[in-house]
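Next up, entry13.txt (compact mmCIF, C-alpha atoms and all ligand atoms):
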```txt
# COMPACT_ATOMS: atom_id res chain seq x y z
CA MET A 9 117.61 -21.58 -39.98
CA SER A 10 119.19 -20.10 -43.07
CA LEU A 11 117.91 -16.91 -44.61
CA LYS A 12 116.72 -18.86 -47.60
CA ARG A 13 114.74 -21.24 -45.44
CA LEU A 14 113.24 -18.35 -43.48
CA ARG A 15 112.15 -16.71 -46.68
CA THR A 16 110.65 -19.94 -47.91
CA ALA A 17 108.75 -20.38 -44.67
CA ALA A 18 107.40 -16.84 -44.90
CA ILE A 19 106.26 -17.41 -48.47
CA LEU A 20 104.54 -20.62 -47.44
CA VAL A 21 102.66 -18.82 -44.66
CA LEU A 22 101.58 -16.05 -47.01
CA ALA A 23 100.56 -18.52 -49.65
CA ALA A 24 98.47 -20.41 -47.15
CA LEU A 25 96.47 -17.35 -46.07
CA PRO A 26 94.33 -16.86 -49.17
CA VAL A 27 93.47 -20.53 -49.08
CA ALA A 28 92.58 -20.46 -45.39
CA LEU A 29 90.22 -17.48 -45.63
CA PRO A 30 87.72 -18.92 -48.11
CA ALA A 31 87.87 -22.24 -46.30
CA SER A 32 86.81 -20.67 -43.02
CA ALA A 33 84.16 -18.60 -44.79
CA GLN A 34 82.68 -21.78 -46.20
CA GLU A 35 82.04 -23.07 -42.71
CA ALA A 36 79.20 -20.57 -42.38
CA PRO A 37 77.69 -20.15 -45.84
CA ALA A 38 75.06 -17.47 -46.22
CA PRO A 39 71.79 -19.35 -46.51
CA ALA A 40 69.72 -18.61 -49.57
CA SER A 41 67.14 -16.20 -48.28
CA SER A 42 63.60 -17.50 -48.08
CA ILE A 43 62.35 -13.96 -48.65
CA GLN A 44 62.57 -12.11 -51.97
CA ALA A 45 61.65 -8.58 -52.91
CA VAL A 46 59.43 -8.90 -55.98
CA ALA A 47 59.06 -5.17 -56.57
CA ALA A 48 60.24 -2.13 -54.67
CA TRP A 49 59.46 1.47 -55.43
CA SER A 50 59.50 4.92 -53.95
CA ARG A 51 58.15 8.37 -54.69
CA PRO A 52 59.97 11.53 -55.68
CA THR A 53 60.18 14.25 -53.04
CA ILE A 54 60.43 17.99 -53.31
CA ARG A 55 63.49 19.79 -52.04
CA GLY A 56 63.25 20.31 -48.31
CA ALA A 57 60.81 17.44 -47.73
CA HIS A 58 61.50 15.69 -44.45
CA ALA A 59 59.87 12.38 -45.24
CA GLY A 60 59.77 9.93 -48.10
CA VAL A 61 58.07 6.59 -48.56
CA ALA A 62 59.02 3.24 -49.98
CA PHE A 63 56.98 0.20 -50.87
CA VAL A 64 57.88 -3.39 -51.58
CA THR A 65 56.22 -6.70 -52.32
CA LEU A 66 57.82 -9.49 -50.31
CA ARG A 67 57.55 -13.13 -51.33
CA ASN A 68 58.15 -15.55 -48.49
CA THR A 69 58.96 -19.07 -49.66
CA GLY A 70 59.98 -20.18 -46.19
CA ALA A 71 58.41 -20.32 -42.77
CA ALA A 72 56.31 -17.51 -41.34
CA ASP A 73 58.45 -14.49 -40.56
CA ARG A 74 58.17 -10.76 -39.91
CA LEU A 75 59.64 -7.66 -41.45
CA VAL A 76 60.85 -5.94 -38.29
CA ALA A 77 63.14 -3.11 -39.36
CA VAL A 78 64.40 -1.18 -42.36
CA GLU A 79 67.61 0.75 -42.82
CA THR A 80 68.45 3.25 -45.53
CA ASP A 81 71.22 5.64 -46.44
CA VAL A 82 68.89 8.38 -47.70
CA ALA A 83 67.25 9.19 -44.36
CA LYS A 84 68.12 9.38 -40.70
CA MET A 85 65.84 6.46 -40.05
CA ALA A 86 63.24 4.27 -41.64
CA GLN A 87 60.10 3.18 -39.86
CA ILE A 88 57.46 0.65 -40.76
CA HIS A 89 54.11 2.46 -40.77
CA MET A 90 50.48 1.63 -41.25
CA ALA A 91 48.19 4.04 -43.05
CA GLU A 92 44.59 4.00 -41.93
CA VAL A 93 41.51 6.17 -41.96
CA VAL A 94 40.17 7.11 -38.52
CA ASP A 95 36.96 9.15 -38.43
CA GLY A 96 37.47 10.08 -42.05
CA ILE A 97 40.98 11.37 -41.46
CA ALA A 98 43.96 9.63 -43.03
CA ARG A 99 46.56 8.87 -40.40
CA MET A 100 49.54 6.63 -40.00
CA ARG A 101 51.17 5.00 -37.06
CA PRO A 102 54.40 3.06 -36.54
CA LEU A 103 54.04 -0.71 -36.49
CA ALA A 104 56.12 -1.66 -33.47
CA ASP A 105 55.99 -5.37 -34.33
CA GLY A 106 56.56 -4.83 -38.02
CA VAL A 107 54.68 -6.67 -40.75
CA ALA A 108 53.71 -10.34 -40.68
CA LEU A 109 54.99 -12.41 -43.62
CA PRO A 110 52.96 -15.62 -43.77
CA ALA A 111 54.65 -18.81 -44.96
CA GLY A 112 54.47 -19.20 -48.72
CA GLY A 113 52.74 -15.90 -49.34
CA ASP A 114 53.19 -12.45 -50.86
CA VAL A 115 52.77 -9.31 -48.79
CA THR A 116 52.55 -5.97 -50.57
CA LEU A 117 53.45 -2.77 -48.80
CA LYS A 118 51.44 0.02 -50.40
CA PRO A 119 50.36 3.63 -49.90
CA GLU A 120 47.01 2.73 -48.36
CA GLY A 121 48.47 0.12 -46.02
CA ALA A 122 51.75 -0.83 -44.45
CA HIS A 123 54.64 1.15 -45.88
CA ILE A 124 58.20 2.15 -45.19
CA MET A 125 58.55 5.73 -43.98
CA LEU A 126 61.87 7.39 -44.63
CA MET A 127 62.18 9.86 -41.76
CA GLY A 128 64.56 12.76 -41.98
CA LEU A 129 65.57 12.60 -45.62
CA THR A 130 69.14 13.66 -46.15
CA ARG A 131 68.42 14.64 -49.76
CA PRO A 132 65.51 14.81 -52.19
CA LEU A 133 64.56 11.66 -54.07
CA SER A 134 64.44 12.01 -57.85
CA VAL A 135 62.50 10.00 -60.41
CA GLY A 136 64.60 7.15 -61.78
CA GLU A 137 67.05 6.84 -58.93
CA ARG A 138 67.31 3.84 -56.66
CA VAL A 139 66.88 4.03 -52.92
CA HIS A 140 68.96 1.47 -51.08
CA LEU A 141 67.08 -0.32 -48.35
CA THR A 142 68.15 -3.07 -46.01
CA LEU A 143 65.20 -5.08 -44.80
CA ARG A 144 65.60 -6.94 -41.52
CA PHE A 145 63.47 -9.89 -40.58
CA LYS A 146 62.77 -11.74 -37.37
CA ALA A 147 64.25 -14.96 -38.75
CA ALA A 148 65.49 -14.61 -42.33
CA ALA A 149 68.79 -13.01 -43.23
CA PRO A 150 68.74 -9.27 -44.02
CA LEU A 151 67.74 -8.43 -47.58
CA ALA A 152 69.22 -5.58 -49.62
CA VAL A 153 66.66 -3.96 -51.88
CA ASP A 154 66.81 -1.10 -54.38
CA ALA A 155 63.55 0.82 -54.55
CA VAL A 156 63.10 2.65 -57.85
CA VAL A 157 61.73 6.17 -57.53
CA LEU A 158 58.70 6.21 -59.83
CA ALA A 159 56.97 9.24 -61.29
CA PRO A 160 53.42 9.94 -60.09
CA GLY A 161 51.08 7.90 -62.27
CA ALA A 162 53.70 5.26 -62.99
CA GLU A 163 53.13 3.68 -59.63
CA PRO A 164 52.04 0.05 -59.41
CA GLY A 165 48.32 -0.31 -58.80
CA MET A 166 47.54 3.26 -59.88
CA ALA A 167 46.46 2.23 -63.38
CA GLY A 168 43.34 0.47 -62.16
CA GLY A 169 42.30 3.30 -59.88
CA ALA A 170 39.52 1.18 -58.39
CA THR A 171 40.47 1.87 -54.80
CA GLN A 172 40.40 5.42 -53.60
CA GLY A 173 41.18 7.31 -50.45
CA GLY A 174 42.98 6.43 -47.29
CA GLY A 175 46.54 6.57 -48.50
CA HIS A 176 48.71 9.24 -47.00
CA SER A 177 50.15 11.79 -49.37
CA GLY A 178 53.55 11.85 -47.79
CA GLY A 179 53.40 15.58 -47.22
CU CU A 201 54.06 6.73 -43.03
```

Turn the structure described in the file into structure tokens.
Amino acid sequence: MSLKRLRTAAILVLAALPVALPASAQEAPAPASSIQAVAAWSRPTIRGAHAGVAFVTLRNTGAADRLVAVETDVAKMAQIHMAEVVDGIARMRPLADGVALPAGGDVTLKPEGAHIMLMGLTRPLSVGERVHLTLRFKAAAPLAVDAVVLAPGAEPGMAGGATQGGGHSGG
């Protein structure tokens, strides 16, 4: 084979690569997720705080599923918790099985209920910033969500103020 032919062959191989990659990627297209984050928010933390919280409303347009895990880059780990009042004392416990997401319904994580606990914050969370979360489900594809850190009083559901008590203060 002449040098010219070799070079031509090499160019043909190189030229074929960019075409081949998208083609193989198309064999397994990412399915449009059946779960959407309608709203996601978090709370500011003081310097030195070990824990933060995040909340999200999830809309499930597909089959029944579960939120089973959360990952974040602002804390060592994220857990799914449930806040509850036991004997008049606000407590929270990890939800080992996560949160049920019924088919065709909205589920709102909130301070007085299921919430995402950011354990071992690596830095304080400031008003206005976005906390990156990756939500993992039993069936649906993982969902990347940015939770906006809202100032106290600007939080969803606080305006009404009809419900009181129970929620943990995140301290
Ligand atoms: Cu908690």

**OP:** Find the residue from A:Ser41, A:Gln87, A:Thr80, A:Thr65 that sits nearest to ligand CU 201 (chain A); use only C-alpha atoms and all ligand atoms when measuring.
**Re:**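 Among the listed residues, the smallest separation from ligand CU 201 (chain A) belongs to A:Gln87.
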
Chain A near ligand CU 201 (chain A) within 12 Å: what's each residue's closest atom pair and its distance in Å to one decimal, counting all atoms listed in the file, ordered by chain then ascending residue number, as CSV?
```
residue,atom,partner,partner_atom,distance
A:His58,CA,A:CU201,CU,11.7
A:Ala59,CA,A:CU201,CU,8.4
A:Gly60,CA,A:CU201,CU,8.3
A:Val61,CA,A:CU201,CU,6.8
A:Ala62,CA,A:CU201,CU,9.2
A:Phe63,CA,A:CU201,CU,10.6
A:Ala86,CA,A:CU201,CU,9.6
A:Gln87,CA,A:CU201,CU,7.7
A:Ile88,CA,A:CU201,CU,7.3
A:His89,CA,A:CU201,CU,4.8
A:Met90,CA,A:CU201,CU,6.5
A:Ala91,CA,A:CU201,CU,6.5
A:Glu92,CA,A:CU201,CU,9.9
A:Ala98,CA,A:CU201,CU,10.5
A:Arg99,CA,A:CU201,CU,8.2
A:Met100,CA,A:CU201,CU,5.4
A:Arg101,CA,A:CU201,CU,6.9
A:Pro102,CA,A:CU201,CU,7.5
A:Leu103,CA,A:CU201,CU,9.9
A:Leu117,CA,A:CU201,CU,11.1
A:Lys118,CA,A:CU201,CU,10.3
A:Pro119,CA,A:CU201,CU,8.4
A:Glu120,CA,A:CU201,CU,9.7
A:Gly121,CA,A:CU201,CU,9.2
A:Ala122,CA,A:CU201,CU,8.0
A:His123,CA,A:CU201,CU,6.3
A:Ile124,CA,A:CU201,CU,6.5
A:Met125,CA,A:CU201,CU,4.7
A:Leu126,CA,A:CU201,CU,8.0
A:Met127,CA,A:CU201,CU,8.8
A:Gly174,CA,A:CU201,CU,11.9
A:Gly175,CA,A:CU201,CU,9.3
A:His176,CA,A:CU201,CU,7.1
A:Ser177,CA,A:CU201,CU,9.0
A:Gly178,CA,A:CU201,CU,7.0
A:Gly179,CA,A:CU201,CU,9.8
```

Would you save the residues of that selection, restricted to C-alpha atoms, as a short mmCIF file (atom, residue, chain, number, x, y, z; two decimals), in the frame of the given file?
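Once written, again39.cif looks like this:
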```
data_model
loop_
_atom_site.label_atom_id
_atom_site.label_comp_id
_atom_site.auth_asym_id
_atom_site.auth_seq_id
_atom_site.Cartn_x
_atom_site.Cartn_y
_atom_site.Cartn_z
CA HIS A 58 61.50 15.69 -44.45
CA ALA A 59 59.87 12.38 -45.24
CA GLY A 60 59.77 9.93 -48.10
CA VAL A 61 58.07 6.59 -48.56
CA ALA A 62 59.02 3.24 -49.98
CA PHE A 63 56.98 0.20 -50.87
CA ALA A 86 63.24 4.27 -41.64
CA GLN A 87 60.10 3.18 -39.86
CA ILE A 88 57.46 0.65 -40.76
CA HIS A 89 54.11 2.46 -40.77
CA MET A 90 50.48 1.63 -41.25
CA ALA A 91 48.19 4.04 -43.05
CA GLU A 92 44.59 4.00 -41.93
CA ALA A 98 43.96 9.63 -43.03
CA ARG A 99 46.56 8.87 -40.40
CA MET A 100 49.54 6.63 -40.00
CA ARG A 101 51.17 5.00 -37.06
CA PRO A 102 54.40 3.06 -36.54
CA LEU A 103 54.04 -0.71 -36.49
CA LEU A 117 53.45 -2.77 -48.80
CA LYS A 118 51.44 0.02 -50.40
CA PRO A 119 50.36 3.63 -49.90
CA GLU A 120 47.01 2.73 -48.36
CA GLY A 121 48.47 0.12 -46.02
CA ALA A 122 51.75 -0.83 -44.45
CA HIS A 123 54.64 1.15 -45.88
CA ILE A 124 58.20 2.15 -45.19
CA MET A 125 58.55 5.73 -43.98
CA LEU A 126 61.87 7.39 -44.63
CA MET A 127 62.18 9.86 -41.76
CA GLY A 174 42.98 6.43 -47.29
CA GLY A 175 46.54 6.57 -48.50
CA HIS A 176 48.71 9.24 -47.00
CA SER A 177 50.15 11.79 -49.37
CA GLY A 178 53.55 11.85 -47.79
CA GLY A 179 53.40 15.58 -47.22
#
```

**OP:** Please provide as an MDAnalysis selection string all residues within 8 Å of Val46 of chain A, with the sequence filter that same-chain residues fewer than 5 positions apart are discarded (counting only C-alpha atoms).
**Re:** chainID A and resid 64:67

**OP:** Counting only C-alpha atoms, figure out which residue out of A:Gly165, A:Ala45, A:Pro52, A:Thr69 gets nearest to Gly113 of chain A.
**Re:** A:Thr69

Subject >> Exercise: residues within 6 Å of coordinate (65.8, -5.0, -49.1), counting all atoms listed in the file, as an MDAnalysis selection string >> reply: chainID A and resid 141:143 151:153

**OP:** Would you mind reading off the distance between atom CA of Glu137 of chain A and atom CA of Val107 of chain A, one decimal, in Å?
**Re:**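 So the two atoms, atom CA of Glu137 of chain A and atom CA of Val107 of chain A, lie 25.8 Å apart.
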
Subject >> Residues within 8 Å of (57.2, 7.6, -57.2), counting all atoms listed in the file, listed as a list of chain:residue names >> reply: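 Those residues, ordered by chain and then number, are A:Trp49, A:Ser50, A:Arg51, A:Pro52, A:Val135, A:Val156, A:Val157, A:Leu158, A:Ala159, A:Pro160, A:Gly161, A:Ala162, A:Glu163.
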
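For the atom pair formed by atom CA of Ile54 of chain A and atom CA of Arg131 of chain A, the distance is 9.4 Å, given to one decimal.
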
Original post:
When distances are computed from only C-alpha atoms, which of A:Ala77, A:Phe145, A:Met85, A:Ala47 shows the smallest separation from Leu129 of chain A?
Top reply: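 For Leu129 of chain A, the nearest of the candidates is A:Met85.
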
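Residue nearest Ser134 of chain A, chosen from A:Ile43, A:Arg55, A:Pro150, A:Thr116 and counting only C-alpha atoms: A:Arg55.
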
**OP:** Kindly give the distance, in Å, that separates atom CA of Ala148 of chain A and atom CA of Ser42 of chain A, rounded to a single decimal.
**Re:** 6.7 Å

Around all of segment 68-85 of chain A's listed atoms, make the axis-aligned box with 3 Å on each side and tell me centre and edge lengths in Å to one decimal, as lines of an AutoDock Vina configuration file.
```
center_x = 63.8
center_y = -5.5
center_z = -44.0
size_x = 20.9
size_y = 35.7
size_z = 17.4
```

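Distances from A:Val76, A:Val82, A:Leu133, A:Val93 to Gly106 of chain A were compared using all atoms listed in the file, and the smallest one belongs to A:Val76.
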